[in-house]
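Okay, protein30.cif is below, mmCIF, C-alpha atoms:
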```cif
data_coords
#
loop_
_atom_site.label_atom_id
_atom_site.label_comp_id
_atom_site.auth_asym_id
_atom_site.auth_seq_id
_atom_site.Cartn_x
_atom_site.Cartn_y
_atom_site.Cartn_z
CA LEU A 1 4.74 -1.15 32.96
CA ASP A 2 7.55 0.48 31.01
CA LEU A 3 9.95 -2.32 32.00
CA ILE A 4 7.45 -4.99 30.91
CA ASP A 5 6.75 -3.27 27.56
CA ARG A 6 9.53 -4.48 25.25
CA SER A 7 8.41 -2.55 22.15
CA ILE A 8 10.75 -0.05 20.52
CA LYS A 9 9.00 3.30 20.84
CA THR A 10 11.40 5.98 19.58
CA VAL A 11 13.95 6.74 16.87
CA LYS A 12 16.64 6.91 19.59
CA GLU A 13 15.81 3.39 20.85
CA ALA A 14 15.91 1.99 17.30
CA LYS A 15 19.29 3.62 16.61
CA GLU A 16 20.78 2.31 19.86
CA LEU A 17 19.50 -1.22 19.30
CA PHE A 18 20.36 -1.72 15.61
CA LYS A 19 23.41 0.59 15.34
CA TYR A 20 22.98 0.72 11.53
CA PRO A 21 23.43 4.03 9.67
CA LEU A 22 20.19 6.01 9.77
CA LEU A 23 19.37 6.86 6.16
CA GLY A 24 15.87 8.28 6.55
CA ILE A 25 13.02 9.12 8.88
CA ILE A 26 9.57 8.83 7.30
CA PRO A 27 6.83 10.84 9.05
CA SER A 28 3.51 9.29 9.96
CA VAL A 29 0.72 10.51 7.67
CA SER A 30 -2.34 9.27 9.52
CA SER A 31 -3.68 12.79 10.04
CA SER A 32 -3.19 13.96 6.46
CA GLY A 33 -3.51 12.40 3.04
CA LYS A 34 -5.64 9.48 1.91
CA LYS A 35 -6.24 6.76 4.48
CA SER A 36 -4.80 3.31 3.87
CA TYR A 37 -7.28 0.98 2.25
CA SER A 38 -7.55 -2.77 2.55
CA VAL A 39 -8.20 -5.52 0.03
CA LYS A 40 -10.17 -8.65 0.93
CA GLY A 41 -7.86 -11.55 1.75
CA ILE A 42 -4.86 -9.33 2.47
CA GLU A 43 -3.88 -8.77 6.10
CA GLN A 44 -1.98 -5.49 5.79
CA PRO A 45 -3.29 -2.18 4.38
CA ILE A 46 -2.31 -1.37 0.80
CA PRO A 47 0.70 1.00 0.63
CA ARG A 48 0.07 4.61 -0.41
CA VAL A 49 2.12 6.55 -2.94
CA ILE A 50 3.48 10.09 -2.53
CA GLY A 51 1.83 12.66 -4.76
CA ARG A 52 -1.11 10.33 -5.44
CA ASP A 53 -2.32 9.27 -1.97
CA ILE A 54 -0.06 11.09 0.51
CA PRO A 55 1.25 14.68 0.49
CA LEU A 56 4.55 15.64 -1.11
CA PHE A 57 5.43 17.60 2.01
CA PRO A 58 6.70 16.39 4.43
CA VAL A 59 6.59 12.75 3.24
CA GLY A 60 7.87 13.35 -0.30
CA GLU A 61 10.73 15.42 1.10
CA ALA A 62 11.63 12.59 3.49
CA TYR A 63 11.88 10.12 0.59
CA GLN A 64 14.00 12.56 -1.44
CA MET A 65 16.36 12.74 1.55
CA LEU A 66 16.44 8.92 1.68
CA GLN A 67 17.29 8.57 -2.02
CA ALA A 68 20.00 11.24 -1.70
CA ASN A 69 21.54 9.47 1.32
CA LEU A 70 21.58 6.16 -0.59
CA LYS A 71 23.35 7.88 -3.48
CA PHE A 72 26.14 9.15 -1.21
CA LEU A 73 26.63 5.89 0.69
CA SER A 74 29.44 4.46 -1.41
CA SER A 75 32.25 6.46 -3.02
CA ASP A 76 33.88 3.69 -5.10
CA LYS A 77 30.92 1.65 -6.45
CA GLU A 78 27.51 3.19 -7.00
CA ILE A 79 24.72 1.30 -5.26
CA GLN A 80 22.31 0.06 -7.89
CA THR A 81 20.34 -2.93 -6.54
CA ILE A 82 18.82 -2.94 -3.05
CA VAL A 83 16.60 -5.27 -1.05
CA VAL A 84 13.98 -3.62 1.17
CA THR A 85 12.90 -5.70 4.16
CA SER A 86 11.93 -5.41 7.83
CA SER A 87 12.32 -7.48 11.00
CA VAL A 88 8.60 -8.32 11.26
CA SER A 89 5.51 -7.68 9.14
CA ARG A 90 3.44 -4.45 9.39
CA GLU A 91 6.48 -2.16 9.53
CA GLY A 92 5.64 -0.66 6.13
CA LYS A 93 8.47 -2.10 4.01
CA SER A 94 6.30 -2.29 0.86
CA GLU A 95 5.24 1.35 1.25
CA VAL A 96 8.87 2.40 1.71
CA ALA A 97 9.92 0.33 -1.36
CA SER A 98 7.16 1.90 -3.51
CA ASN A 99 7.84 5.47 -2.47
CA LEU A 100 11.61 5.17 -2.65
CA ALA A 101 11.15 3.95 -6.24
CA VAL A 102 8.94 6.99 -6.96
CA ALA A 103 11.47 9.38 -5.39
CA ILE A 104 14.35 7.99 -7.47
CA ALA A 105 12.24 8.04 -10.66
CA GLN A 106 11.37 11.70 -10.00
CA VAL A 107 15.05 12.69 -10.23
CA GLY A 108 15.21 11.24 -13.75
CA ARG A 109 16.64 7.76 -13.17
CA ARG A 110 15.10 4.62 -14.71
CA VAL A 111 13.87 2.49 -11.79
CA LEU A 112 12.60 -1.08 -11.65
CA LEU A 113 10.51 -2.05 -8.63
CA VAL A 114 10.40 -5.85 -8.26
CA ASP A 115 7.81 -7.50 -6.02
CA ALA A 116 9.96 -10.38 -4.75
CA ASP A 117 7.49 -11.15 -1.96
CA MET A 118 6.00 -14.30 -3.46
CA ARG A 119 4.20 -15.10 -0.19
CA HIS A 120 2.04 -11.99 0.43
CA PRO A 121 2.59 -9.67 -2.55
CA VAL A 122 0.96 -6.21 -2.60
CA GLN A 123 2.72 -4.17 -5.31
CA HIS A 124 0.21 -5.22 -8.00
CA HIS A 125 -2.55 -3.71 -5.80
CA VAL A 126 -0.58 -0.48 -5.33
CA TRP A 127 -0.24 0.02 -9.09
CA ASN A 128 -3.55 -1.62 -10.17
CA MET A 129 -1.87 -4.44 -12.09
CA THR A 130 -2.84 -8.07 -12.58
CA THR A 131 -0.61 -10.63 -10.90
CA GLY A 132 -1.04 -13.28 -13.61
CA LEU A 133 2.37 -12.55 -15.10
CA GLY A 134 5.41 -11.55 -13.08
CA LEU A 135 8.67 -12.56 -11.43
CA SER A 136 7.76 -16.22 -10.78
CA ASN A 137 6.79 -16.67 -14.45
CA VAL A 138 10.01 -15.01 -15.63
CA ILE A 139 12.06 -17.41 -13.44
CA VAL A 140 10.15 -20.65 -14.11
CA ASP A 141 8.63 -20.26 -17.58
CA HIS A 142 11.41 -18.06 -18.98
CA VAL A 143 8.79 -15.47 -19.98
CA SER A 144 10.56 -12.41 -21.38
CA ILE A 145 11.09 -9.59 -18.88
CA GLU A 146 9.51 -7.12 -21.33
CA ARG A 147 6.19 -9.02 -21.22
CA ALA A 148 6.02 -9.05 -17.43
CA ILE A 149 7.18 -5.48 -16.68
CA GLU A 150 4.78 -2.55 -16.83
CA GLN A 151 5.56 1.17 -16.81
CA VAL A 152 3.43 2.85 -14.12
CA MET A 153 4.94 6.37 -14.08
CA PRO A 154 7.60 8.26 -16.03
CA ASN A 155 10.91 6.41 -15.39
CA LEU A 156 9.23 3.86 -13.07
CA TYR A 157 8.64 0.23 -14.08
CA VAL A 158 7.10 -2.50 -11.93
CA LEU A 159 7.57 -6.27 -12.09
CA PRO A 160 4.81 -7.90 -9.98
CA SER A 161 5.26 -11.20 -8.14
CA GLY A 162 3.44 -13.31 -10.70
CA VAL A 163 1.68 -16.59 -9.88
CA LEU A 164 2.44 -17.56 -6.26
CA PRO A 165 4.73 -20.63 -6.27
CA PRO A 166 4.75 -23.37 -3.60
CA ASN A 167 8.52 -22.83 -3.08
CA PRO A 168 9.41 -19.10 -3.28
CA LEU A 169 12.83 -19.58 -1.66
CA ALA A 170 13.90 -22.18 -4.24
CA LEU A 171 13.06 -19.73 -7.05
CA LEU A 172 14.97 -16.86 -5.47
CA ASP A 173 17.96 -19.07 -4.64
CA SER A 174 18.52 -20.14 -8.24
CA LYS A 175 21.04 -19.41 -11.01
CA ARG A 176 18.19 -18.01 -13.10
CA MET A 177 17.41 -15.40 -10.39
CA ALA A 178 21.09 -14.46 -10.08
CA GLY A 179 21.19 -13.92 -13.85
CA LEU A 180 18.02 -11.80 -13.69
CA VAL A 181 19.47 -9.50 -11.01
CA THR A 182 22.49 -8.88 -13.27
CA SER A 183 20.31 -8.20 -16.34
CA PHE A 184 18.02 -5.85 -14.34
CA ALA A 185 21.08 -3.85 -13.25
CA GLU A 186 22.25 -3.59 -16.88
CA GLU A 187 18.88 -2.37 -18.14
CA PHE A 188 17.89 0.00 -15.29
CA ASP A 189 19.68 2.70 -13.31
CA PHE A 190 18.24 1.44 -10.01
CA VAL A 191 16.50 -1.79 -8.94
CA ILE A 192 14.46 -2.16 -5.72
CA PHE A 193 13.33 -5.57 -4.46
CA ASP A 194 10.33 -5.64 -2.08
CA THR A 195 10.84 -8.83 -0.03
CA PRO A 196 9.13 -10.62 2.90
CA SER A 197 10.11 -9.65 6.46
CA LEU A 198 13.04 -11.48 8.08
CA SER A 199 10.96 -13.33 10.68
CA GLY A 200 10.38 -16.89 9.54
CA THR A 201 11.75 -16.62 5.98
CA ALA A 202 15.20 -16.45 4.37
CA ASP A 203 13.93 -14.81 1.13
CA ALA A 204 15.36 -11.36 1.89
CA ALA A 205 18.72 -12.84 2.97
CA VAL A 206 19.05 -14.89 -0.23
CA LEU A 207 18.27 -11.86 -2.41
CA GLY A 208 20.47 -9.65 -0.22
CA LYS A 209 23.52 -11.68 -1.28
CA LEU A 210 22.66 -11.09 -4.96
CA ALA A 211 22.02 -7.35 -4.55
CA ASP A 212 24.34 -4.53 -3.44
CA GLY A 213 22.81 -4.50 0.02
CA ILE A 214 19.81 -4.47 2.33
CA LEU A 215 17.74 -1.51 3.49
CA LEU A 216 16.03 -2.32 6.79
CA VAL A 217 12.67 -0.68 7.60
CA VAL A 218 12.00 -0.19 11.32
CA ARG A 219 8.66 1.00 12.68
CA PRO A 220 8.55 2.11 16.34
CA GLY A 221 5.53 0.75 18.19
CA VAL A 222 5.34 -2.34 15.95
CA ILE A 223 8.68 -4.04 16.53
CA HIS A 224 9.79 -5.46 19.89
CA SER A 225 13.36 -5.61 21.12
CA ALA A 226 13.44 -9.44 20.92
CA SER A 227 12.45 -9.39 17.22
CA ALA A 228 14.94 -6.62 16.54
CA ILE A 229 17.82 -8.52 18.20
CA ALA A 230 16.88 -11.73 16.35
CA ALA A 231 16.80 -9.87 13.00
CA LYS A 232 20.14 -8.17 13.67
CA GLU A 233 21.79 -11.49 14.62
CA PHE A 234 20.36 -13.21 11.53
CA LEU A 235 21.67 -10.44 9.24
CA ALA A 236 25.12 -10.68 10.86
CA GLN A 237 25.26 -14.50 10.71
CA SER A 238 24.23 -14.59 7.04
CA GLY A 239 26.92 -12.02 6.20
CA GLN A 240 24.57 -9.39 4.79
CA ASN A 241 25.69 -5.95 3.67
CA VAL A 242 23.18 -3.79 5.55
CA LEU A 243 23.30 -0.36 3.90
CA GLY A 244 21.34 1.24 6.73
CA MET A 245 17.86 1.63 8.14
CA VAL A 246 14.78 3.73 7.52
CA ILE A 247 12.62 4.55 10.51
CA ASN A 248 9.04 4.59 9.33
CA GLY A 249 5.79 6.04 10.72
CA VAL A 250 7.45 8.56 13.04
CA ASN A 251 5.20 11.10 14.74
CA VAL A 252 7.19 14.27 14.06
#
```

Whole structure, structure tokens version:
Amino acid sequence: LDLIDRSIKTVKEAKELFKYPLLGIIPSVSSSGKKSYSVKGIEQPIPRVIGRDIPLFPVGEAYQMLQANLKFLSSDKEIQTIVVTSSVSREGKSEVASNLAVAIAQVGRRVLLVDADMRHPVQHHVWNMTTGLGLSNVIVDHVSIERAIEQVMPNLYVLPSGVLPPNPLALLDSKRMAGLVTSFAEEFDFVIFDTPSLSGTADAAVLGKLADGILLVVRPGVIHSASAIAAKEFLAQSGQNVLGMVINGVNV
């Protein structure tokens, strides 16, 4: 049965398969804190936020470790813009993106969290925002960034996905988007892009080339070795700078 089961079950297996630097291990919080809630029409549960829905210890501590490890990654150029993605859906990339943004904001840096998942966005649900105005409107209609961004916590600003376009990849792979990434980096200390998973879409890869690098979220028990190998090969072939990985939902 163990030979037939191709799922990645442990931190050790994930490390051996991906061989990316391990930047953080996020504990599972199913037994403590507020349970995940769902919204009608959305497949995955809505991400929870440290301090508000899930306990500061040990989860908050794990995210503080992650933000510290990101800070010390590069000695010459400080990492400022990152893309958060995963190999497949349901690995918790949106929850990691939200909570990493909170952790960085808590140490006094101005953070912009951008919901660049224009296929199945969830960040507007996390922060109780409307999705009528957001990234897609800023790209297509040239709506000012100030109108679309909302401050949700001290030092933390969120740009929701906006109206869902028929061609998300074309919007992300545009000169306008490249210009926006540069202007975000000028205005904020740190920018986090929540993007779709790598399976079936090139959105994260396109944004990854515009940002300083990719942070890969891996959840044991959800991802299978075939998906992991496919994701790793795709990242290598598209020449991505993978900063490292975060192993999420670990039973400590």

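Nearest to Gly249 of chain A of all the residues A:Leu100, A:Leu70, A:Val84, A:Val29 is A:Val29, counting only C-alpha atoms.
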
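For the file shown, the residue list from the PyMOL selection byres ((chain A and resi 98) around 9) reads Pro47, Arg48, Val49, Lys93, Ser94, Glu95, Val96, Ala97, Asn99, Leu100, Ala101, Val102, Ala103, Leu113, Gln123, Val126, Ile192 and Asp194 of chain A.
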
Query raised in the report: Skipping near chain neighbours, those fewer than 6 positions away, what residues fall within 10 Å of Phe18 of chain A using all atoms listed in the file, listed as number ranges by chain?
Result: A: 216, 218, 225, 228-229, 231-233, 244-245

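Residue nearest Phe193 of chain A, chosen from A:Pro55, A:Gly179, A:Pro166, A:Gly208 and counting only C-alpha atoms: A:Gly208.
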
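Proximity ranking of A:Ala226, A:Tyr20, A:Phe190, A:Asn128 relative to Leu243 of chain A places A:Tyr20 first, based on only C-alpha atoms.
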
Query raised in the report: How far is it from atom CA of Thr130 of chain A to atom CA of Ser199 of chain A, in Å with one decimal?
Result: 27.6 Å

Query raised in the report: Just how far from atom CA of Val111 of chain A is atom CA of Arg52 of chain A, in Å to one decimal?
Result: 18.1 Å
